[in-house]
Each structure stands twice: as structure tokens, then as C-alpha cells.
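File shown here: coords.cif, holding mmCIF, C-alpha atoms.
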```cif
data_my_file
loop_
_atom_site.label_atom_id
_atom_site.label_comp_id
_atom_site.auth_asym_id
_atom_site.auth_seq_id
_atom_site.Cartn_x
_atom_site.Cartn_y
_atom_site.Cartn_z
CA MET A 1 28.77 -106.20 88.56
CA PRO A 2 27.73 -102.90 90.16
CA LYS A 3 25.39 -103.20 93.11
CA ILE A 4 22.36 -100.94 93.20
CA THR A 5 20.24 -100.45 96.30
CA TYR A 6 16.54 -99.74 95.87
CA LYS A 7 14.81 -98.37 98.93
CA ASP A 8 11.03 -98.02 99.08
CA PHE A 9 9.19 -95.18 100.82
CA ARG A 10 8.82 -97.27 103.96
CA GLY A 11 12.58 -97.76 104.13
CA ASP A 12 12.73 -101.41 103.05
CA THR A 13 15.81 -101.97 100.92
CA LYS A 14 16.85 -104.47 98.28
CA THR A 15 20.32 -104.60 96.83
CA ILE A 16 20.87 -106.29 93.50
CA GLU A 17 23.62 -106.62 90.94
CA VAL A 18 22.83 -104.83 87.71
CA GLU A 19 24.79 -105.42 84.55
CA ASN A 20 26.74 -102.49 83.12
CA GLY A 21 24.84 -100.77 80.34
CA LEU A 22 21.39 -101.51 81.72
CA THR A 23 19.41 -98.66 83.20
CA VAL A 24 18.45 -98.40 86.86
CA MET A 25 14.85 -98.89 85.66
CA GLU A 26 15.70 -102.09 83.76
CA GLY A 27 17.58 -103.41 86.76
CA ALA A 28 14.42 -102.97 88.84
CA ILE A 29 12.00 -104.44 86.28
CA GLN A 30 14.19 -107.48 85.53
CA ASN A 31 14.55 -108.20 89.23
CA GLU A 32 10.91 -107.53 90.09
CA ILE A 33 11.68 -104.64 92.39
CA PRO A 34 8.33 -103.07 93.25
CA GLY A 35 7.71 -99.33 93.09
CA ILE A 36 8.84 -98.74 89.52
CA ASP A 37 6.16 -99.09 86.83
CA ALA A 38 7.96 -97.95 83.65
CA ASP A 39 4.75 -97.95 81.62
CA CYS A 40 6.36 -96.55 78.47
CA GLY A 41 9.25 -99.00 78.55
CA GLY A 42 12.04 -96.47 78.86
CA SER A 43 11.25 -93.97 76.10
CA MET A 44 11.11 -91.09 78.60
CA ALA A 45 7.45 -90.58 77.92
CA CYS A 46 5.59 -91.40 81.11
CA ALA A 47 7.45 -90.56 84.37
CA THR A 48 6.37 -93.80 86.04
CA CYS A 49 9.96 -94.89 86.78
CA HIS A 50 10.48 -91.81 88.95
CA ILE A 51 13.01 -92.22 91.77
CA TYR A 52 14.92 -90.08 94.25
CA VAL A 53 18.68 -90.38 94.02
CA ASP A 54 20.61 -90.45 97.27
CA GLU A 55 22.20 -86.99 97.70
CA LYS A 56 25.80 -88.24 97.74
CA TRP A 57 25.34 -89.82 94.32
CA LEU A 58 23.65 -86.89 92.60
CA ASN A 59 26.80 -85.33 91.14
CA LYS A 60 28.19 -88.69 89.99
CA ILE A 61 25.35 -89.14 87.54
CA PRO A 62 25.13 -87.09 84.34
CA LYS A 63 22.64 -84.26 84.82
CA ALA A 64 19.08 -84.67 83.59
CA GLU A 65 18.38 -83.34 80.11
CA GLU A 66 15.65 -80.77 79.68
CA ALA A 67 13.27 -83.41 78.30
CA GLU A 68 13.75 -85.49 81.44
CA GLU A 69 13.05 -82.49 83.68
CA ASP A 70 9.92 -81.83 81.63
CA MET A 71 8.71 -85.36 82.33
CA ILE A 72 9.58 -85.09 86.03
CA ASP A 73 7.16 -82.14 86.21
CA MET A 74 4.45 -84.74 85.82
CA ALA A 75 5.75 -87.22 88.37
CA PHE A 76 4.16 -87.81 91.76
CA GLU A 77 5.83 -85.57 94.37
CA PRO A 78 8.94 -84.50 92.50
CA LYS A 79 11.88 -83.29 94.58
CA LYS A 80 15.27 -81.74 93.89
CA ASN A 81 16.87 -85.19 93.69
CA SER A 82 14.18 -86.62 91.40
CA ARG A 83 15.27 -88.55 88.34
CA LEU A 84 13.77 -90.98 85.87
CA SER A 85 15.44 -94.32 86.47
CA CYS A 86 15.25 -95.16 82.74
CA GLN A 87 17.77 -92.39 82.10
CA ILE A 88 20.46 -93.58 84.53
CA ILE A 89 22.77 -96.06 82.87
CA VAL A 90 24.63 -98.36 85.22
CA ASN A 91 28.43 -98.45 85.10
CA ASP A 92 31.21 -99.45 87.50
CA GLU A 93 31.37 -95.95 88.94
CA LEU A 94 27.80 -96.29 90.13
CA ASP A 95 28.61 -99.38 92.20
CA GLY A 96 26.80 -98.83 95.50
CA LEU A 97 24.23 -96.35 94.14
CA GLU A 98 21.21 -95.88 96.34
CA VAL A 99 17.83 -94.81 95.02
CA THR A 100 14.47 -94.43 96.73
CA THR A 101 11.17 -95.18 95.03
CA PRO A 102 8.31 -92.75 95.71
CA GLU A 103 5.16 -93.71 97.60
CA LYS A 104 3.47 -94.24 94.28
CA GLN A 105 4.13 -93.59 90.61
CA THR A 106 0.84 -92.01 89.64
CA MET B 107 -27.86 -100.02 71.49
CA LYS B 108 -25.53 -100.29 68.51
CA LYS B 109 -25.05 -103.76 67.02
CA THR B 110 -21.83 -104.74 65.28
CA ASP B 111 -19.55 -107.73 64.66
CA VAL B 112 -16.63 -106.62 66.81
CA ILE B 113 -16.22 -103.97 69.51
CA ILE B 114 -12.63 -102.77 69.59
CA ILE B 115 -11.53 -101.14 72.82
CA GLY B 116 -8.61 -98.80 72.19
CA ALA B 117 -7.85 -96.69 69.12
CA GLY B 118 -4.09 -97.12 69.24
CA PRO B 119 -2.16 -98.68 66.34
CA ILE B 120 -3.32 -102.19 67.20
CA GLY B 121 -6.99 -101.24 67.53
CA LEU B 122 -6.82 -99.42 64.21
CA PHE B 123 -5.11 -102.29 62.42
CA ALA B 124 -7.74 -104.64 63.89
CA VAL B 125 -10.32 -102.65 61.89
CA HIS B 126 -8.32 -103.48 58.76
CA GLN B 127 -7.96 -107.17 59.45
CA LEU B 128 -11.66 -107.48 60.30
CA GLY B 129 -12.69 -105.26 57.39
CA ILE B 130 -10.98 -107.34 54.72
CA LYS B 131 -12.85 -110.35 56.12
CA GLY B 132 -16.12 -108.47 55.71
CA LEU B 133 -16.66 -107.81 59.42
CA LYS B 134 -17.99 -104.55 60.82
CA ALA B 135 -16.42 -102.99 63.88
CA VAL B 136 -16.65 -99.98 66.17
CA VAL B 137 -13.69 -98.49 68.02
CA ILE B 138 -14.01 -96.92 71.46
CA ASP B 139 -11.29 -94.85 73.13
CA ASN B 140 -11.05 -92.67 76.22
CA LEU B 141 -8.79 -90.13 74.49
CA ASP B 142 -10.16 -87.38 72.25
CA LYS B 143 -8.22 -88.66 69.23
CA ALA B 144 -7.03 -91.90 67.64
CA GLY B 145 -3.45 -93.09 68.07
CA GLY B 146 -3.18 -94.17 71.70
CA GLN B 147 0.30 -94.00 73.17
CA CYS B 148 1.73 -93.15 69.72
CA ILE B 149 -0.15 -89.88 69.69
CA GLU B 150 -0.28 -89.13 73.41
CA LEU B 151 3.23 -90.09 74.49
CA TYR B 152 5.50 -89.83 71.48
CA PRO B 153 3.83 -88.09 68.49
CA ASP B 154 7.20 -86.62 67.42
CA LYS B 155 9.49 -89.45 68.45
CA PRO B 156 10.78 -91.80 65.77
CA ILE B 157 9.85 -95.48 65.49
CA TYR B 158 12.35 -97.64 63.59
CA ASP B 159 10.86 -101.12 63.72
CA ILE B 160 7.72 -101.06 61.63
CA PRO B 161 8.40 -103.53 58.81
CA ALA B 162 9.11 -101.77 55.49
CA VAL B 163 8.90 -98.35 57.16
CA PRO B 164 12.51 -97.45 58.04
CA GLU B 165 11.48 -94.49 60.17
CA CYS B 166 8.24 -92.78 61.14
CA THR B 167 6.85 -90.84 64.08
CA GLY B 168 3.95 -91.89 66.29
CA GLU B 169 1.79 -89.32 64.57
CA GLN B 170 2.74 -90.48 61.06
CA LEU B 171 2.03 -94.09 61.96
CA THR B 172 -1.42 -93.13 63.23
CA THR B 173 -2.21 -91.03 60.17
CA ARG B 174 -1.20 -93.88 57.84
CA LEU B 175 -3.24 -96.44 59.75
CA LEU B 176 -6.29 -94.17 59.61
CA GLU B 177 -5.73 -93.85 55.86
CA GLN B 178 -5.43 -97.61 55.53
CA ILE B 179 -8.77 -98.26 57.27
CA LYS B 180 -10.68 -95.48 55.51
CA PRO B 181 -12.43 -97.86 53.05
CA PHE B 182 -14.21 -99.58 55.94
CA LYS B 183 -15.90 -96.35 57.15
CA THR B 184 -15.59 -97.50 60.74
CA GLU B 185 -17.10 -95.35 63.47
CA LEU B 186 -14.68 -94.18 66.16
CA PHE B 187 -16.27 -93.35 69.51
CA LEU B 188 -13.78 -91.04 71.22
CA ASN B 189 -13.90 -89.53 74.71
CA GLU B 190 -15.68 -92.70 75.75
CA ARG B 191 -14.34 -95.04 78.38
CA VAL B 192 -15.67 -98.59 78.44
CA ASP B 193 -16.87 -99.19 81.96
CA GLU B 194 -18.90 -102.38 81.83
CA VAL B 195 -18.79 -105.60 79.85
CA ASP B 196 -21.70 -108.02 80.32
CA LYS B 197 -22.72 -111.26 78.65
CA GLU B 198 -26.05 -111.54 76.86
CA ARG B 199 -26.48 -115.06 75.47
CA ASP B 200 -23.78 -115.39 72.79
CA ASN B 201 -23.12 -111.67 72.68
CA TRP B 202 -21.25 -109.13 74.74
CA VAL B 203 -22.78 -105.84 75.80
CA VAL B 204 -20.42 -102.94 76.37
CA LYS B 205 -21.39 -99.78 78.27
CA THR B 206 -19.35 -96.58 78.35
CA ASN B 207 -19.05 -93.87 80.98
CA ASN B 208 -21.35 -91.69 78.85
CA LYS B 209 -24.01 -94.42 78.80
CA LYS B 210 -23.44 -95.48 75.18
CA GLU B 211 -24.20 -99.16 74.58
CA PHE B 212 -22.88 -101.62 72.04
CA ILE B 213 -23.58 -105.29 71.39
CA ALA B 214 -21.43 -107.76 69.45
CA PRO B 215 -20.35 -111.40 69.55
CA ASN B 216 -16.71 -110.27 69.83
CA ILE B 217 -14.62 -107.77 71.76
CA ILE B 218 -10.99 -107.04 71.01
CA ILE B 219 -9.24 -105.31 73.89
CA ALA B 220 -6.36 -103.32 72.43
CA GLY B 221 -6.06 -101.07 75.43
CA GLY B 222 -2.28 -100.66 75.76
CA VAL B 223 -1.53 -100.06 79.42
CA GLY B 224 -5.12 -99.00 80.07
CA SER B 225 -6.89 -95.71 79.65
CA PHE B 226 -5.30 -92.30 79.79
CA GLU B 227 -6.46 -90.27 82.75
CA PRO B 228 -5.24 -86.94 84.12
CA ARG B 229 -2.47 -87.07 86.69
CA LYS B 230 -3.66 -85.67 89.95
CA LEU B 231 -2.29 -83.45 92.68
CA SER B 232 -0.34 -85.34 95.31
CA LEU B 233 -2.63 -84.42 98.22
CA LYS B 234 -5.07 -87.30 98.32
CA GLU B 235 -7.56 -85.39 100.49
CA LEU B 236 -8.23 -83.04 97.59
CA GLU B 237 -10.21 -85.82 95.93
CA LYS B 238 -13.40 -84.80 97.71
CA PHE B 239 -13.29 -81.44 95.91
CA GLU B 240 -12.88 -82.97 92.45
CA GLY B 241 -15.49 -81.68 90.04
CA LYS B 242 -16.47 -78.97 92.55
CA SER B 243 -13.36 -76.90 93.14
CA VAL B 244 -10.55 -79.14 91.87
CA PHE B 245 -10.35 -79.77 88.13
CA TYR B 246 -7.89 -81.38 85.74
CA ALA B 247 -9.46 -80.01 82.57
CA VAL B 248 -11.52 -77.02 81.54
CA ARG B 249 -14.68 -78.18 79.84
CA ASN B 250 -16.74 -75.02 80.26
CA LYS B 251 -14.99 -71.68 80.71
CA GLU B 252 -18.12 -70.17 82.30
CA HIS B 253 -17.46 -72.15 85.49
CA PHE B 254 -14.16 -70.35 85.91
CA LYS B 255 -15.35 -66.75 85.85
CA ASN B 256 -14.83 -64.35 88.78
CA LYS B 257 -12.89 -66.88 90.84
CA LYS B 258 -9.58 -67.06 92.61
CA ILE B 259 -7.85 -69.82 90.65
CA SER B 260 -4.57 -71.56 91.45
CA ILE B 261 -3.19 -73.27 88.34
CA PHE B 262 -0.53 -75.95 88.73
CA GLY B 263 1.83 -77.11 85.99
CA GLY B 264 4.52 -75.91 83.62
CA GLY B 265 3.32 -77.06 80.23
CA ASP B 266 1.16 -75.55 77.51
CA SER B 267 -2.17 -76.37 79.17
CA ALA B 268 -1.16 -74.59 82.37
CA LEU B 269 0.18 -71.54 80.52
CA ASP B 270 -2.68 -71.31 78.02
CA TRP B 271 -5.39 -71.54 80.64
CA ALA B 272 -3.60 -69.14 82.98
CA LEU B 273 -3.58 -66.58 80.17
CA GLU B 274 -7.14 -67.25 79.03
CA LEU B 275 -8.75 -67.34 82.46
CA SER B 276 -6.84 -64.25 83.63
CA LYS B 277 -9.28 -62.24 81.52
CA PHE B 278 -11.99 -62.73 84.08
CA SER B 279 -10.47 -64.36 87.16
CA LYS B 280 -7.61 -63.86 89.61
CA ILE B 281 -4.90 -66.33 88.60
CA THR B 282 -1.95 -67.74 90.51
CA LEU B 283 0.29 -69.96 88.38
CA ILE B 284 2.31 -72.42 90.46
CA HIS B 285 5.16 -74.59 89.18
CA ARG B 286 7.79 -76.74 90.87
CA ARG B 287 10.77 -75.20 89.06
CA ASN B 288 11.73 -71.93 87.35
CA GLU B 289 11.68 -73.30 83.81
CA PHE B 290 8.36 -73.71 82.03
CA ARG B 291 8.24 -76.19 79.18
CA GLY B 292 5.20 -74.54 77.57
CA ALA B 293 5.41 -72.08 74.67
CA GLN B 294 7.76 -69.25 75.58
CA HIS B 295 5.63 -66.54 73.96
CA THR B 296 2.69 -67.49 76.20
CA LEU B 297 5.05 -67.30 79.15
CA SER B 298 6.27 -63.83 78.19
CA GLU B 299 2.68 -62.62 77.94
CA LEU B 300 2.04 -64.01 81.41
CA ARG B 301 5.23 -62.37 82.72
CA LYS B 302 3.93 -59.08 81.33
CA LEU B 303 0.62 -59.53 83.15
CA GLU B 304 2.59 -60.40 86.27
CA LYS B 305 4.42 -57.07 86.10
CA GLU B 306 1.10 -55.31 85.75
CA GLY B 307 -0.08 -57.13 88.85
CA LYS B 308 -2.79 -59.04 87.01
CA VAL B 309 -1.34 -62.54 87.37
CA SER B 310 0.77 -64.01 90.11
CA ILE B 311 3.49 -66.57 89.27
CA LYS B 312 5.07 -68.77 91.94
CA THR B 313 7.90 -71.14 91.11
CA GLN B 314 10.06 -73.69 92.94
CA CYS B 315 7.14 -74.58 95.13
CA GLN B 316 4.47 -77.21 95.53
CA ILE B 317 1.14 -77.57 97.26
CA GLU B 318 1.54 -78.40 100.91
CA ALA B 319 -1.94 -78.08 102.43
CA PHE B 320 -5.37 -76.59 102.00
CA ASP B 321 -8.24 -75.31 104.09
CA ASN B 322 -9.89 -78.53 105.02
CA GLU B 323 -13.36 -77.17 105.36
CA LYS B 324 -16.62 -77.64 103.49
CA GLU B 325 -15.48 -75.37 100.71
CA LEU B 326 -12.03 -74.67 99.38
CA LYS B 327 -10.94 -71.21 100.55
CA SER B 328 -7.16 -71.23 100.47
CA ILE B 329 -4.12 -73.38 99.84
CA THR B 330 -0.64 -73.33 101.32
CA ILE B 331 2.35 -73.76 99.07
CA LYS B 332 5.84 -74.61 100.22
CA PHE B 333 8.95 -73.30 98.49
CA GLU B 334 12.19 -75.21 98.08
CA ASP B 335 13.84 -73.03 100.71
CA GLY B 336 11.19 -74.10 103.20
CA LYS B 337 9.14 -70.90 103.17
CA LYS B 338 5.41 -71.25 103.06
CA GLU B 339 2.73 -69.03 101.62
CA LYS B 340 -1.03 -69.04 101.88
CA ILE B 341 -2.93 -68.29 98.69
CA LEU B 342 -6.63 -67.50 98.65
CA THR B 343 -8.08 -70.05 96.25
CA ASP B 344 -11.55 -71.25 95.45
CA VAL B 345 -10.63 -73.25 92.35
CA ILE B 346 -7.57 -75.44 91.72
CA LEU B 347 -6.66 -76.46 88.19
CA GLY B 348 -3.97 -79.12 87.79
CA PHE B 349 -2.21 -79.78 84.48
CA PHE B 350 0.30 -82.57 84.97
CA GLY B 351 -0.37 -84.44 81.75
CA LEU B 352 -1.96 -87.85 81.41
CA ILE B 353 -1.18 -91.15 83.00
CA MET B 354 -2.17 -94.63 81.92
CA LYS B 355 -4.42 -96.51 84.29
CA LEU B 356 -5.66 -100.03 83.76
CA GLY B 357 -9.07 -98.88 84.97
CA PRO B 358 -12.22 -101.01 84.70
CA ILE B 359 -10.58 -103.76 82.57
CA ALA B 360 -9.48 -105.41 85.81
CA GLU B 361 -13.12 -105.96 86.77
CA TRP B 362 -14.36 -107.89 83.74
CA GLY B 363 -13.49 -111.33 85.09
CA LEU B 364 -10.52 -111.84 82.79
CA ASN B 365 -7.49 -113.81 83.88
CA MET B 366 -4.85 -111.21 84.57
CA ASP B 367 -1.10 -111.31 85.01
CA LYS B 368 -0.15 -108.11 86.82
CA LYS B 369 -1.51 -105.37 84.54
CA THR B 370 -1.93 -107.57 81.47
CA VAL B 371 -4.61 -109.94 80.19
CA GLU B 372 -3.68 -113.57 79.64
CA VAL B 373 -4.46 -114.89 76.17
CA ASN B 374 -4.13 -118.07 74.15
CA PRO B 375 -1.43 -117.30 71.55
CA LYS B 376 -3.31 -119.43 69.01
CA ASN B 377 -6.09 -116.86 68.56
CA PHE B 378 -5.48 -114.28 71.29
CA GLU B 379 -8.68 -115.17 73.04
CA THR B 380 -8.89 -114.53 76.79
CA ASN B 381 -10.49 -116.91 79.28
CA LYS B 382 -13.86 -115.50 78.11
CA LYS B 383 -15.09 -116.82 74.75
CA GLY B 384 -15.34 -113.97 72.28
CA ILE B 385 -13.17 -111.56 74.24
CA PHE B 386 -9.73 -111.12 72.74
CA ALA B 387 -6.76 -109.05 73.82
CA ALA B 388 -3.92 -107.81 71.62
CA GLY B 389 -1.02 -105.40 71.79
CA ASP B 390 0.70 -104.27 74.97
CA ILE B 391 -2.20 -105.33 77.16
CA CYS B 392 -2.02 -109.06 76.38
CA SER B 393 0.41 -111.57 77.78
CA TYR B 394 1.47 -115.06 76.67
CA PRO B 395 4.76 -116.92 76.79
CA GLY B 396 7.38 -114.93 74.89
CA LYS B 397 5.22 -111.81 74.49
CA LEU B 398 7.08 -108.77 73.15
CA LYS B 399 5.55 -105.33 73.61
CA LEU B 400 6.17 -104.26 70.04
CA ILE B 401 3.72 -102.65 67.64
CA LEU B 402 4.58 -105.29 65.03
CA SER B 403 3.68 -108.08 67.47
CA GLY B 404 0.30 -106.42 68.03
CA PHE B 405 -0.35 -106.39 64.29
CA HIS B 406 0.20 -110.15 64.16
CA GLU B 407 -2.00 -110.67 67.19
CA VAL B 408 -5.04 -108.90 65.72
CA ALA B 409 -4.60 -110.68 62.39
CA LEU B 410 -5.05 -114.00 64.18
CA ALA B 411 -7.78 -112.75 66.51
CA SER B 412 -9.77 -111.49 63.50
CA VAL B 413 -10.03 -115.05 62.13
CA GLU B 414 -11.62 -116.28 65.35
CA CYS B 415 -13.90 -113.21 65.37
CA PHE B 416 -15.08 -114.19 61.88
CA LYS B 417 -15.96 -117.69 63.02
CA ARG B 418 -18.04 -116.32 65.91
CA ALA B 419 -19.72 -113.54 63.93
CA ARG B 420 -20.50 -115.76 60.89
CA PRO B 421 -21.06 -119.23 62.38
CA ASN B 422 -22.75 -120.47 59.20
CA GLU B 423 -20.00 -119.38 56.81
CA LYS B 424 -16.69 -121.08 56.22
CA TYR B 425 -13.60 -118.95 56.77
CA LYS B 426 -11.51 -118.75 53.64
CA PHE B 427 -7.91 -117.56 53.83
CA GLU B 428 -7.15 -115.05 51.09
CA PHE B 429 -4.34 -112.73 50.01
CA THR B 430 -5.09 -109.04 49.46
CA THR B 431 -2.96 -109.17 46.30
CA SER B 432 -5.13 -111.71 44.55
CA SER B 433 -8.56 -111.70 46.20
CA LYS B 434 -11.23 -109.86 44.20
CA THR B 435 -13.52 -109.91 47.26
CA ILE B 436 -10.96 -108.18 49.46
CA GLN B 437 -10.14 -105.67 46.74
CA ASN B 438 -13.84 -104.82 46.46
CA ARG B 439 -14.00 -104.29 50.21
CA LEU B 440 -11.01 -101.97 49.92
CA GLY B 441 -12.83 -100.05 47.17
CA LYS B 442 -10.32 -101.10 44.49
CA LYS B 443 -11.74 -101.98 41.11
#
```

As C-alpha cells, what does this structure read like?
Amino acid sequence: MPKITYKDFRGDTKTIEVENGLTVMEGAIQNEIPGIDADCGGSMACATCHIYVDEKWLNKIPKAEEAEEDMIDMAFEPKKNSRLSCQIIVNDELDGLEVTTPEKQT
Amino acid sequence: MKKTDVIIIGAGPIGLFAVHQLGIKGLKAVVIDNLDKAGGQCIELYPDKPIYDIPAVPECTGEQLTTRLLEQIKPFKTELFLNERVDEVDKERDNWVVKTNNKKEFIAPNIIIAGGVGSFEPRKLSLKELEKFEGKSVFYAVRNKEHFKNKKISIFGGGDSALDWALELSKFSKITLIHRRNEFRGAQHTLSELRKLEKEGKVSIKTQCQIEAFDNEKELKSITIKFEDGKKEKILTDVILGFFGLIMKLGPIAEWGLNMDKKTVEVNPKNFETNKKGIFAAGDICSYPGKLKLILSGFHEVALASVECFKRARPNEKYKFEFTTSSKTIQNRLGKK
């Protein structure tokens, strides 16, 4: 199973195995990783699963759709490498992916 | 103080269907919601997105579901109190007294909390220190245009609210519109009007930048924005308007003495009562073993809660289970002859 590393804003990291086909958000929620709220449950409607994707992984993930960018406008401290973790689907090629959760989601 | 049988907190699909389940049992209810319209998340988060798992409705949008529920509860002529956030819940003998942020008061033997993930509140600017200017020079909504005349206003956001207010307020104030990226998601014709005003030097538009700092004095005088390339710019500003949409916050619910599990209220799945007699929770906000956050689960939850509400509101009457198809009493309540 692909390993995903979740880093919080303080730098604490947790690495977990996430099943292929689940989203990076679901991986976090199912493993009680703090820092991701996912209030809307993954329907791309709330921007509370906002994360920063490690630069070296950015081009390995399909680009954000316009609707995702629209939601990221509303996130707390969006950056160039901001994504919604509910829109990143885990597969073998993402083994080793590193994401950072923001200081807060709202 | 308004007296009723059940105070429903939250006008989302579950709160609305609660009105129905109580209404067919002959119980009166009021619904209170912090938003300016009924529908909750369905209307605020996904009015145009399809829902496929409402029994017997193969596909409908959040808005359609809300409209149909409002239609379904019409016969009960229930009052909806919108733009009201429930702040306090206090016990008064066998009743509960509910107070809102606008000082409205309600009393009833039952409360059904159908509050979803909490109340919708505006998302705020990331600089926490700006809080002290809120309501004075930092706003997240325009309630009275008069307050925004002859000012230097920095408007943040890329959606319709940001664009519409930039255009409207530019008639009598100096506007700077600031957005984190080049693309605006708001209506393109509003944007082209703003671009026209920009060319004429009447509006200033800054993109790919965010707020970095502000004059930390008694009054707001200027802000500093930082562009993606690292450049900074100072903008004379005496009013900031932020339009980043709404966010759900649990809010005061956490302070009512209910047993909570993270952001949800623990209930007994037999009748969806919380640890407080007469306070029920249903829909996304309740938790019990096996809970699914589905609209259809919420419908079931309020159906059961309404039976317990009946017993508390009519202690001297016996609850009689009836079908809508065959009960003359229910059909009368629904206005069917």
C-alpha cells in the first residue's frame, strides 16, 4: 500500500499506509490524523481539507480543476502548492507523497 | 417569549422534515437558523450539485430538495426564524428556554438540534490581529451601504460578493480589489465592468497577492500586501471587506452541557435524545454507534425523535401510531379532505 506522510504546521510527521483509490483526505480521517476537518465529507464544497503538497510531488498529481481552485480561494492561507486533499486519489505512483496541513482549516 | 411544542435548531433538510413529522402528530414547532434562508448545507454548499440517494427521488439538487421539503411542510404554517443564531439554552422547570443572538426568546418542552456541522459564519482574513477591528473597520458583509461612503476600501476575494460590492461601492469610495490569483470565479460581466473602471483609474485591482500586514495603530490606516514574486505594496485603507464565503462552526452548541464526541452530540439511538431530557439531536450533528451522515438517516432520526417529543409535549395523551395513507386525523392536519 502507498505510504503517505502528513506533516503538521509545527513539523510533526505521521506516515501511514493508505489504500489505493482512497483520497488523501480519507486516509487522514480514517487514521485520525489531526489538521484535516473535511466538514463536507469530500464533495469539494468546504475547503476544510486544505493541504500543501510537497513541491517535488506537485507535477505528479493531476492538476486542480477550476472548481477546486475556486474552493481554495476560501481556504485559510492558500499558497501556490495548495490543494484539497479530498481531490487527490491515492495510487501506487503516489507512494511516499508528503503533504503539510495548514495551521488551521478555518 | 414565544411558546411552542418543539424548538428546532437548524433549517436544513432534517430540521424541515422534523416539522413534518411533528406536524402530522399535531405538534407545533418553530425553526431557527443562522442563515438567511432555509436549506442548510444543501442550499449553502451544493445548491446545484446532484444528490442520488434520497429514496424514490433518483436525482435532485440541494436546492430542489429544499424547495420540495418546504412544499411538504406548508400545511403546518410553521414560522421560520432566519438570521438568528441560538446562543443560549436554559432549563425552566420542565421546559427549555432558547435565546438567540438578536434577543429573541422561545420556550418549549422539547428542542431538536438539527444543526449539521454547526452554524455558518463568514470565513475571516488570516491575520488574527485584525479581529480587534471587526465591526469597526473590518467587515465580512455589507449590511448598510451608508457606512462605506467616502472611504478607502480594500476588498478581498474573487467571487460574486467581492466583485459586486467592488462595483457598487466604487460609486462613492476608492476601491482596491485584492485576490490571490489572476482568475476570478465571479460573474465575468461584472469583472469586465471593473476592468473598465480600472483602465479609467477609478478602481485598482491587485492579483496574485495576499494581505501581509497592517498599520497596527488605534485606527486602520493602511495595509501591506505581498505578491507571489515577493514584492510588497502598501495600500492606504480605512476599511477592509473580506468575502471568502462561509464556514461551518459548531459555535455555542458546545456550551449547552451536552455530551459531545468531537464535534457531534451523543444521542440514544432509540429516540435520539441527548443526555438532557427533552433535547434531541438529529442529522449530521448527532452520533451513535453506526451513525451514517446521510440525509436519509436524518429523516429516520427525526421521525423517532418526534414520538418522544409528543410524549413530553402531551403527557396526558396516549401516542397513537398512524399511517398518513389511512389516518383521517393526519389527512386533516395536512389539509386534505

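What the PyMOL selection byres ((chain B) within 9 of (chain A)) matches in the given file is Gln147, Leu151, Tyr152, Val223, Arg229, Lys230, Leu231, Ser232, Gly263, Gly264, Gly265, His285, Arg286, Arg287, Glu289, Phe290, Arg291, Gln316, Glu334, Phe349, Phe350, Gly351, Leu352, Ile353, Met354, Lys355 and Lys399 of chain B.
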
Checklist entry - If the PyMOL selection byres ((chain B and resi 268) around 9) is run on the structure shown, which residues does it catch, given as a list in words? => result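 Applied to this file, the PyMOL selection byres ((chain B and resi 268) around 9) selects Ile261, Phe262, Gly263, Gly264, Gly265, Asp266, Ser267, Leu269, Asp270, Trp271, Ala272, Leu273, Leu283, Gly292, Leu347, Gly348, Phe349 and Phe350 of chain B.
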
Next on the checklist: With only C-alpha atoms as the counted atoms, please give the residues lying no more than 7 Å from Ala411 in chain B, apart from itself and same-chain residues fewer than 4 positions off, as a list in words.
Outcome noted: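 Everything that qualifies: Asn377, Phe378, Phe386, Glu407 and Cys415 of chain B.
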
Item to check | Distance query Tyr52 in chain A at most 6 Å, only C-alpha atoms, self and fewer than 3 positions along chain excluded, as an MDAnalysis selection string | outcome: chainID A and resid 81:82 99:100

Item to check | Separation of CA of Glu414 in chain B from CA of Glu428 in chain B in Å | outcome: 15.0 Å

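Going from CA of Asn31 in chain A to CA of Thr5 in chain A covers 11.9 Å.
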
Checklist entry - Any chance you could work out the residue set of the PyMOL selection byres ((chain B and resi 425) around 12) here, as a list of chain:residue names? => result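 Residues picked by the PyMOL selection byres ((chain B and resi 425) around 12): B:Lys131, B:Gly132, B:Leu133, B:Ser412, B:Val413, B:Glu414, B:Cys415, B:Phe416, B:Lys417, B:Arg418, B:Ala419, B:Arg420, B:Pro421, B:Asn422, B:Glu423, B:Lys424, B:Lys426, B:Phe427, B:Glu428.
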
Item to check | Between CA of Leu233 in chain B and CA of Leu84 in chain A, distance in Å (one decimal) | outcome: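 Computing it gives 21.6 Å between the two atoms.
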
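The smallest atom-to-atom distance between Lys234 in chain B and any of B:Ala319, B:Gln437, B:Val248, B:Glu177, using only C-alpha atoms, is found for B:Ala319.
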
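Residue nearest Arg10 in chain A within the list A:Gly35, A:Glu26, A:Gln87, A:Ala64: A:Gly35 [criterion: smallest interatomic distance, only C-alpha atoms].
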
Checklist entry - Using all atoms listed in the file, which of the listed residues (A:Glu103, A:Thr23, A:Gly96, A:Asp37) sits closest to Cys49 in chain A? => result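 Ranked by minimum distance to Cys49 in chain A, first place goes to A:Asp37.
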